[in-house]
$ cat model_14.pdb   # PDB, C-alpha atoms
ATOM      1  CA  MET J  50     150.948  78.605 113.547
ATOM      2  CA  GLY J  51     150.379  81.512 115.914
ATOM      3  CA  GLU J  52     150.815  85.228 115.321
ATOM      4  CA  LEU J  53     154.302  85.968 113.981
ATOM      5  CA  VAL J  54     156.422  88.840 115.314
ATOM      6  CA  GLU J  55     159.995  89.953 114.955
ATOM      7  CA  ARG J  56     162.222  89.053 117.871
ATOM      8  CA  VAL J  57     164.458  92.089 118.414
ATOM      9  CA  ASP J  58     167.467  92.989 120.528
ATOM     10  CA  ASP J  59     168.041  95.755 123.058
ATOM     11  CA  ARG J  60     168.650  98.188 120.164
ATOM     12  CA  ASP J  61     165.355  97.159 118.500
ATOM     13  CA  GLU J  62     167.140  95.384 115.645
ATOM     14  CA  VAL J  63     165.582  92.221 114.194
ATOM     15  CA  LEU J  64     167.089  88.882 115.246
ATOM     16  CA  ALA J  65     164.467  86.422 113.981
ATOM     17  CA  VAL J  66     160.807  85.849 113.180
ATOM     18  CA  VAL J  67     159.058  83.934 115.980
ATOM     19  CA  GLU J  68     155.573  83.157 117.217
ATOM     20  CA  ARG J  69     154.335  85.846 119.609
ATOM     21  CA  GLY J  70     153.352  83.249 122.215
ATOM     22  CA  GLU J  71     156.891  81.864 122.168
ATOM     23  CA  ALA J  72     158.342  85.387 122.465
ATOM     24  CA  ILE J  73     156.203  85.940 125.549
ATOM     25  CA  ARG J  74     157.036  82.541 127.100
ATOM     26  CA  GLN J  75     160.765  82.993 126.484
ATOM     27  CA  ARG J  76     160.632  86.716 127.472
ATOM     28  CA  TRP J  77     162.186  87.664 124.137
ATOM     29  CA  LEU J  78     161.968  91.280 123.104
ATOM     30  CA  HIS J  79     159.468  92.032 120.359
ATOM     31  CA  ARG J  80     157.535  95.130 119.252
ATOM     32  CA  ILE J  81     154.204  96.546 120.397
ATOM     33  CA  SER J  82     152.566  99.602 118.848
ATOM     34  CA  THR J  83     150.079 101.679 120.828
ATOM     35  CA  ILE J  84     147.831 104.644 120.130
ATOM     36  CA  VAL J  85     146.538 107.350 122.442
ATOM     37  CA  CYS J  86     143.267 108.760 121.088
ATOM     38  CA  ARG J  87     142.066 112.263 121.853
ATOM     39  CA  ASN J  88     138.961 113.993 120.625
ATOM     40  CA  GLY J  89     138.646 117.555 119.354
ATOM     41  CA  ALA J  90     138.132 118.818 122.913
ATOM     42  CA  GLY J  91     141.422 117.209 124.012
ATOM     43  CA  ARG J  92     139.801 114.440 126.048
ATOM     44  CA  PHE J  93     141.414 111.001 126.142
ATOM     45  CA  LEU J  94     139.687 107.805 125.082
ATOM     46  CA  VAL J  95     139.703 105.318 127.954
ATOM     47  CA  HIS J  96     138.339 101.797 127.668
ATOM     48  CA  ARG J  97     137.802  98.627 129.654
ATOM     49  CA  ARG J  98     138.993  95.372 128.165
ATOM     50  CA  PRO J  99     136.473  92.534 127.854
ATOM     51  CA  ASP J 100     136.379  90.002 130.676
ATOM     52  CA  ASP J 101     137.052  87.086 128.332
ATOM     53  CA  VAL J 102     140.356  88.222 126.744
ATOM     54  CA  ALA J 103     143.652  86.528 127.543
ATOM     55  CA  LEU J 104     145.618  89.658 128.425
ATOM     56  CA  PHE J 105     144.451  92.040 131.158
ATOM     57  CA  PRO J 106     140.783  90.942 131.228
ATOM     58  CA  GLY J 107     138.397  93.557 132.604
ATOM     59  CA  GLN J 108     141.154  96.099 133.136
ATOM     60  CA  ILE J 109     141.097  99.734 132.067
ATOM     61  CA  ASN J 110     143.510 101.215 129.527
ATOM     62  CA  TRP J 111     144.085 104.574 127.871
ATOM     63  CA  MET J 112     145.903 103.075 124.863
ATOM     64  CA  LEU J 113     144.856 100.799 122.027
ATOM     65  CA  GLY J 114     147.270  98.643 120.120
ATOM     66  CA  GLY J 115     148.989  95.345 119.706
ATOM     67  CA  ALA J 116     151.930  93.482 118.266
ATOM     68  CA  VAL J 117     153.784  94.865 115.271
ATOM     69  CA  ASP J 118     153.556  92.367 112.409
ATOM     70  CA  VAL J 119     156.608  91.043 110.569
ATOM     71  CA  ALA J 120     158.064  93.718 108.220
ATOM     72  CA  GLU J 121     155.574  96.301 109.540
ATOM     73  CA  SER J 122     156.653  99.660 110.982
ATOM     74  CA  TYR J 123     155.413 100.936 114.331
ATOM     75  CA  GLU J 124     153.402 103.584 112.450
ATOM     76  CA  GLU J 125     151.800 101.049 110.099
ATOM     77  CA  ALA J 126     150.877  98.849 113.056
ATOM     78  CA  ALA J 127     149.346 101.818 114.899
ATOM     79  CA  ALA J 128     147.167 102.709 111.894
ATOM     80  CA  ARG J 129     146.118  99.054 111.450
ATOM     81  CA  GLU J 130     145.240  98.645 115.127
ATOM     82  CA  LEU J 131     143.209 101.871 115.059
ATOM     83  CA  VAL J 132     141.068 100.459 112.241
ATOM     84  CA  GLU J 133     140.774  97.006 113.853
ATOM     85  CA  GLU J 134     139.864  98.227 117.333
ATOM     86  CA  LEU J 135     137.884 101.426 116.658
ATOM     87  CA  GLY J 136     136.988 101.403 112.965
ATOM     88  CA  VAL J 137     138.874 104.698 112.571
ATOM     89  CA  HIS J 138     140.995 105.430 109.505
ATOM     90  CA  ALA J 139     143.652 107.955 110.486
ATOM     91  CA  ARG J 140     147.390 108.376 110.552
ATOM     92  CA  PRO J 141     148.638 108.301 114.159
ATOM     93  CA  ARG J 142     151.628 110.508 114.949
ATOM     94  CA  PHE J 143     154.691 108.727 116.371
ATOM     95  CA  LEU J 144     155.685 110.167 119.754
ATOM     96  CA  CYS J 145     158.401 107.885 121.137
ATOM     97  CA  LYS J 146     159.463 104.311 121.744
ATOM     98  CA  PHE J 147     160.947 102.776 124.838
ATOM     99  CA  LEU J 148     161.941  99.441 126.262
ATOM    100  CA  CYS J 149     159.137  98.300 128.558
ATOM    101  CA  GLU J 150     159.820  95.562 131.097
ATOM    102  CA  GLY J 151     156.201  94.451 130.781
ATOM    103  CA  VAL J 152     154.143  92.421 133.204
ATOM    104  CA  ILE J 153     153.954  89.331 130.977
ATOM    105  CA  SER J 154     157.065  89.905 128.833
ATOM    106  CA  PRO J 155     159.502  92.682 127.914
ATOM    107  CA  TYR J 156     158.978  94.547 124.636
ATOM    108  CA  TRP J 157     159.681  97.718 122.719
ATOM    109  CA  LEU J 158     156.643  99.984 122.947
ATOM    110  CA  GLY J 159     155.994 102.494 120.157
ATOM    111  CA  LEU J 160     153.681 105.234 121.439
ATOM    112  CA  HIS J 161     151.516 107.187 118.970
ATOM    113  CA  GLU J 162     148.773 109.762 119.222
ATOM    114  CA  VAL J 163     145.804 110.639 117.043
ATOM    115  CA  VAL J 164     142.988 113.153 117.238
ATOM    116  CA  VAL J 165     139.792 111.311 116.375
ATOM    117  CA  THR J 166     137.337 113.477 114.452
ATOM    118  CA  THR J 167     134.959 110.777 113.213
ATOM    119  CA  PRO J 168     132.581 108.492 115.124
ATOM    120  CA  ILE J 169     134.228 105.425 116.623
ATOM    121  CA  ARG J 170     132.915 101.867 116.280
ATOM    122  CA  PRO J 171     134.720  99.902 119.007
ATOM    123  CA  ASP J 172     135.219  96.202 118.355
ATOM    124  CA  PRO J 173     133.439  94.475 121.285
ATOM    125  CA  SER J 174     136.107  91.763 121.323
ATOM    126  CA  GLU J 175     138.637  94.490 122.214
ATOM    127  CA  VAL J 176     136.597  97.202 123.968
ATOM    128  CA  ALA J 177     133.859  96.383 126.503
ATOM    129  CA  TRP J 178     133.229 100.000 127.556
ATOM    130  CA  HIS J 179     134.693 103.398 126.678
ATOM    131  CA  ASP J 180     134.497 107.069 127.599
ATOM    132  CA  TRP J 181     136.336 110.322 126.906
ATOM    133  CA  LEU J 182     138.108 111.707 129.999
ATOM    134  CA  THR J 183     139.911 114.929 130.799
ATOM    135  CA  GLU J 184     143.619 114.716 131.587
ATOM    136  CA  SER J 185     142.832 115.273 135.266
ATOM    137  CA  GLU J 186     140.292 112.433 135.278
ATOM    138  CA  LEU J 187     142.747 110.173 133.464
ATOM    139  CA  THR J 188     145.552 111.059 135.886
ATOM    140  CA  ASP J 189     143.341 109.962 138.792
ATOM    141  CA  LEU J 190     142.327 106.745 137.016
ATOM    142  CA  VAL J 191     145.879 105.668 136.090
ATOM    143  CA  ARG J 192     146.748 104.940 139.731
ATOM    144  CA  HIS J 193     143.782 102.598 140.299
ATOM    145  CA  ARG J 194     144.347  98.868 140.677
ATOM    146  CA  GLU J 195     142.123  98.061 137.671
ATOM    147  CA  PHE J 196     144.361  99.997 135.275
ATOM    148  CA  VAL J 197     146.570  97.945 132.911
ATOM    149  CA  PRO J 198     149.978  98.032 134.680
ATOM    150  CA  ASP J 199     152.167  98.556 131.578
ATOM    151  CA  ALA J 200     150.010 101.538 130.575
ATOM    152  CA  ARG J 201     151.092 103.446 133.694
ATOM    153  CA  GLU J 202     154.690 103.735 132.511
ATOM    154  CA  ALA J 203     153.513 104.839 129.069
ATOM    155  CA  PHE J 204     151.313 107.502 130.684
ATOM    156  CA  ASP J 205     154.246 108.834 132.743
ATOM    157  CA  ARG J 206     156.460 108.940 129.648
ATOM    158  CA  TYR J 207     153.715 110.633 127.620
ATOM    159  CA  ARG J 208     153.364 113.380 130.212
ATOM    160  CA  ALA J 209     157.145 113.870 130.299
ATOM    161  CA  LEU J 210     157.535 114.371 126.532
ATOM    162  CA  PRO J 211     159.367 117.610 125.693
ATOM    163  CA  VAL J 212     156.897 118.475 122.917
ATOM    164  CA  GLN J 213     153.399 119.065 124.227
ATOM    165  CA  PRO J 214     151.311 115.991 123.346
ATOM    166  CA  GLY J 215     148.064 116.829 121.625
ATOM    167  CA  ALA J 216     149.657 119.629 119.593
ATOM    168  CA  MET J 217     149.093 117.989 116.259
TER     169      MET J 217
END
$ encode --input "model_14.pdb" --output "C-alpha coordinates"
Amino acid sequence: MGELVERVDDRDEVLAVVERGEAIRQRWLHRISTIVCRNGAGRFLVHRRPDDVALFPGQINWMLGGAVDVAESYEEAAARELVEELGVHARPRFLCKFLCEGVISPYWLGLHEVVVTTPIRPDPSEVAWHDWLTESELTDLVRHREFVPDAREAFDRYRALPVQPGAM
(Lines of atoms letter the chains of each structure in order from A and count residues from 1; the text may use other names and numbers.)
(Lines give C-alpha, C1' and ligand atoms only; values in the text may rest on other atoms or scores of the structure.)
Protein backbone atom coordinates (compact mmCIF):
# COMPACT_ATOMS: atom_id res chain seq x y z
CA MET A 1 0.00 0.00 0.00
CA GLY A 2 1.41 3.37 -1.01
CA GLU A 3 1.19 6.71 0.78
CA LEU A 4 -2.43 7.57 1.57
CA VAL A 5 -3.88 11.04 0.97
CA GLU A 6 -7.30 12.58 0.99
CA ARG A 7 -8.82 13.09 -2.44
CA VAL A 8 -10.56 16.47 -2.29
CA ASP A 9 -12.85 18.52 -4.49
CA ASP A 10 -12.52 22.02 -5.92
CA ARG A 11 -13.59 23.44 -2.53
CA ASP A 12 -10.92 21.37 -0.73
CA GLU A 13 -13.51 19.10 0.89
CA VAL A 14 -12.67 15.42 1.39
CA LEU A 15 -14.18 12.92 -1.06
CA ALA A 16 -12.19 9.76 -0.27
CA VAL A 17 -8.91 8.33 0.98
CA VAL A 18 -6.72 7.16 -1.92
CA GLU A 19 -3.13 6.23 -2.64
CA ARG A 20 -1.09 9.30 -3.61
CA GLY A 21 0.25 7.56 -6.72
CA GLU A 22 -3.30 6.88 -7.88
CA ALA A 23 -4.30 10.50 -7.17
CA ILE A 24 -1.42 11.65 -9.37
CA ARG A 25 -2.17 9.14 -12.16
CA GLN A 26 -5.87 10.01 -12.18
CA ARG A 27 -5.15 13.77 -11.72
CA TRP A 28 -7.38 13.83 -8.65
CA LEU A 29 -7.08 16.82 -6.37
CA HIS A 30 -5.27 16.18 -3.10
CA ARG A 31 -3.38 18.36 -0.60
CA ILE A 32 0.24 19.47 -0.48
CA SER A 33 1.73 21.52 2.35
CA THR A 34 4.82 23.66 1.78
CA ILE A 35 7.09 25.80 3.92
CA VAL A 36 9.17 28.84 3.03
CA CYS A 37 12.12 29.13 5.42
CA ARG A 38 13.80 32.43 6.21
CA ASN A 39 16.66 33.09 8.57
CA GLY A 40 16.99 35.93 11.06
CA ALA A 41 18.48 38.18 8.37
CA GLY A 42 15.42 37.62 6.14
CA ARG A 43 17.23 35.43 3.61
CA PHE A 44 15.37 32.54 1.98
CA LEU A 45 16.47 28.93 2.14
CA VAL A 46 16.92 27.56 -1.37
CA HIS A 47 17.83 23.95 -2.10
CA ARG A 48 18.54 21.56 -4.94
CA ARG A 49 16.72 18.26 -4.98
CA PRO A 50 18.80 15.08 -5.22
CA ASP A 51 19.35 13.64 -8.68
CA ASP A 52 17.85 10.28 -7.72
CA VAL A 53 14.37 11.39 -6.51
CA ALA A 54 11.23 10.65 -8.50
CA LEU A 55 9.85 14.19 -8.57
CA PHE A 56 11.87 17.09 -9.98
CA PRO A 57 15.32 15.46 -9.72
CA GLY A 58 18.21 17.92 -9.57
CA GLN A 59 15.92 20.94 -9.69
CA ILE A 60 16.06 23.95 -7.40
CA ASN A 61 13.25 24.92 -5.03
CA TRP A 62 12.61 27.60 -2.43
CA MET A 63 9.97 25.55 -0.58
CA LEU A 64 10.07 22.32 1.40
CA GLY A 65 7.06 20.12 1.90
CA GLY A 66 4.99 17.22 0.75
CA ALA A 67 1.62 15.53 0.82
CA VAL A 68 -0.77 16.16 3.68
CA ASP A 69 -1.49 12.87 5.45
CA VAL A 70 -5.01 11.57 6.05
CA ALA A 71 -6.74 13.54 8.86
CA GLU A 72 -3.77 15.94 9.07
CA SER A 73 -4.14 19.72 8.75
CA TYR A 74 -2.00 21.78 6.39
CA GLU A 75 -0.27 23.28 9.45
CA GLU A 76 0.46 19.87 11.01
CA ALA A 77 1.87 18.63 7.70
CA ALA A 78 4.08 21.73 7.39
CA ALA A 79 5.53 21.19 10.88
CA ARG A 80 6.08 17.47 10.18
CA GLU A 81 7.80 18.14 6.85
CA LEU A 82 10.04 20.76 8.47
CA VAL A 83 11.28 18.15 10.96
CA GLU A 84 11.63 15.42 8.31
CA GLU A 85 13.48 17.53 5.75
CA LEU A 86 15.53 19.94 7.90
CA GLY A 87 15.49 18.55 11.44
CA VAL A 88 13.88 21.82 12.61
CA HIS A 89 11.15 21.86 15.25
CA ALA A 90 9.07 24.99 14.73
CA ARG A 91 5.52 26.06 14.09
CA PRO A 92 5.19 27.38 10.52
CA ARG A 93 2.71 30.21 10.00
CA PHE A 94 -0.06 29.56 7.46
CA LEU A 95 -0.05 32.17 4.69
CA CYS A 96 -2.55 30.98 2.07
CA LYS A 97 -3.76 28.04 0.03
CA PHE A 98 -4.58 27.89 -3.63
CA LEU A 99 -5.50 25.42 -6.32
CA CYS A 100 -2.34 24.63 -8.27
CA GLU A 101 -2.63 23.03 -11.71
CA GLY A 102 0.67 21.26 -11.10
CA VAL A 103 3.06 19.81 -13.63
CA ILE A 104 2.40 16.18 -12.67
CA SER A 105 -1.07 16.55 -11.12
CA PRO A 106 -3.38 19.26 -9.77
CA TYR A 107 -3.51 19.83 -6.01
CA TRP A 108 -4.36 22.27 -3.26
CA LEU A 109 -1.15 23.92 -2.06
CA GLY A 110 -0.98 25.23 1.52
CA LEU A 111 1.83 27.79 1.78
CA HIS A 112 3.50 28.42 5.16
CA GLU A 113 6.45 30.42 6.40
CA VAL A 114 8.86 30.00 9.28
CA VAL A 115 11.86 31.91 10.56
CA VAL A 116 14.56 29.36 11.32
CA THR A 117 16.66 30.32 14.34
CA THR A 118 18.39 26.99 14.97
CA PRO A 119 20.94 25.08 12.88
CA ILE A 120 19.43 23.00 10.09
CA ARG A 121 20.27 19.36 9.39
CA PRO A 122 19.02 18.74 5.84
CA ASP A 123 18.02 15.17 5.01
CA PRO A 124 20.30 14.21 2.07
CA SER A 125 17.48 12.17 0.54
CA GLU A 126 15.51 15.44 0.20
CA VAL A 127 18.17 18.17 -0.02
CA ALA A 128 21.36 17.76 -2.09
CA TRP A 129 22.57 21.36 -1.63
CA HIS A 130 21.26 24.48 0.10
CA ASP A 131 22.02 28.16 0.61
CA TRP A 132 20.39 31.28 2.04
CA LEU A 133 19.57 33.88 -0.64
CA THR A 134 18.33 37.45 -0.57
CA GLU A 135 14.93 38.16 -2.10
CA SER A 136 16.65 39.74 -5.10
CA GLU A 137 18.83 36.66 -5.63
CA LEU A 138 15.80 34.40 -5.27
CA THR A 139 13.78 36.50 -7.71
CA ASP A 140 16.52 36.04 -10.32
CA LEU A 141 16.76 32.30 -9.65
CA VAL A 142 13.00 31.61 -9.89
CA ARG A 143 12.99 32.28 -13.65
CA HIS A 144 15.77 29.77 -14.42
CA ARG A 145 14.96 26.53 -16.21
CA GLU A 146 16.29 24.41 -13.31
CA PHE A 147 13.73 25.81 -10.88
CA VAL A 148 10.82 23.52 -9.89
CA PRO A 149 7.98 24.78 -12.15
CA ASP A 150 5.15 24.63 -9.56
CA ALA A 151 7.27 26.70 -7.15
CA ARG A 152 7.17 29.68 -9.53
CA GLU A 153 3.44 30.19 -9.06
CA ALA A 154 3.83 29.89 -5.29
CA PHE A 155 6.60 32.50 -5.38
CA ASP A 156 4.41 34.92 -7.36
CA ARG A 157 1.52 34.40 -4.93
CA TYR A 158 3.83 34.83 -1.93
CA ARG A 159 5.07 38.17 -3.25
CA ALA A 160 1.49 39.31 -3.90
CA LEU A 161 0.23 38.61 -0.36
CA PRO A 162 -1.44 41.67 1.20
CA VAL A 163 0.35 41.14 4.53
CA GLN A 164 4.10 41.50 4.24
CA PRO A 165 5.61 37.99 4.36
CA GLY A 166 8.39 37.64 6.87
CA ALA A 167 6.62 39.86 9.41
CA MET A 168 6.19 37.15 11.98
$ closest_residue --input "model_14.pdb" --among "J:Trp178, J:Phe143, J:Trp111, J:Trp157" --to "Glu55 of chain J" --atoms "all atoms listed in the file"
J:Trp157
$ closest_residue --input "model_14.pdb" --among "J:Glu71, J:Glu162, J:Asp199, J:Asp59" --to "Glu124 of chain J" --atoms "all atoms listed in the file"
J:Glu162
$ resolve_selection --input "model_14.pdb" --expression "the PyMOL selection byres ((chain J and resi 107) around 9)" --output "PyMOL selection string"
chain J and resi 97-102+105-106+108-109+177+195
$ residues_around --input "model_14.pdb" --residues "Arg80 of chain J" --least-positions-apart "2" --cutoff "9 Å" --atoms "all atoms listed in the file" --output "PyMOL selection string"
chain J and resi 54-57+61+78+82+115-118+123+156-159
$ resolve_selection --input "model_14.pdb" --expression "the PyMOL selection byres ((chain J and resi 145) around 8)" --output "JSON, numbers by chain"
{"J": [143, 144, 146, 147, 159, 160, 161]}
$ write_last_selection --input "model_14.pdb" --atoms "C-alpha atoms" --output "PDB file, in the coordinates of the input"
ATOM      1  CA  PHE J 143     154.691 108.727 116.371  1.00  0.00           C
ATOM      2  CA  LEU J 144     155.685 110.167 119.754  1.00  0.00           C
ATOM      3  CA  LYS J 146     159.463 104.311 121.744  1.00  0.00           C
ATOM      4  CA  PHE J 147     160.947 102.776 124.838  1.00  0.00           C
ATOM      5  CA  GLY J 159     155.994 102.494 120.157  1.00  0.00           C
ATOM      6  CA  LEU J 160     153.681 105.234 121.439  1.00  0.00           C
ATOM      7  CA  HIS J 161     151.516 107.187 118.970  1.00  0.00           C
TER       8      HIS J 161
END
$ closest_residue --input "model_14.pdb" --among "J:Thr188, J:Gly151, J:Ala90, J:Ile81" --to "Ala126 of chain J" --atoms "all atoms listed in the file"
J:Ile81
$ closest_residue --input "model_14.pdb" --among "J:Gly51, J:Gly114, J:Gly70, J:Gly91" --to "Leu187 of chain J" --atoms "all atoms listed in the file"
J:Gly91
$ closest_residue --input "model_14.pdb" --among "J:Ile73, J:Val67, J:Ala127, J:Val191" --to "Phe204 of chain J" --atoms "all atoms listed in the file"
J:Val191
$ atom_distance --input "model_14.pdb" --atom1 "atom CA of Arg87 of chain J" --atom2 "atom CA of Leu190 of chain J"
16.1 Å
$ residues_around --input "model_14.pdb" --residues "Arg140 of chain J" --least-positions-apart "5" --cutoff "12 Å" --atoms "all atoms listed in the file" --output "list in words"
Ile84, Val85, Cys86, Tyr123, Glu124, Glu125, Ala126, Ala127, Ala128, Arg129, Glu130, Leu131, Val132, His161, Glu162, Val163, Val164, Val165, Thr166 and Met217 of chain J
$ closest_residue --input "model_14.pdb" --among "J:Val66, J:Leu113, J:Ala120, J:Ala200" --to "Glu133 of chain J" --atoms "only C-alpha atoms"
J:Leu113
$ atom_distance --input "model_14.pdb" --atom1 "atom CA of Arg206 of chain J" --atom2 "atom CA of Leu148 of chain J"
11.5 Å
$ atom_distance --input "model_14.pdb" --atom1 "atom CA of Leu53 of chain J" --atom2 "atom CA of Gln75 of chain J"
14.4 Å
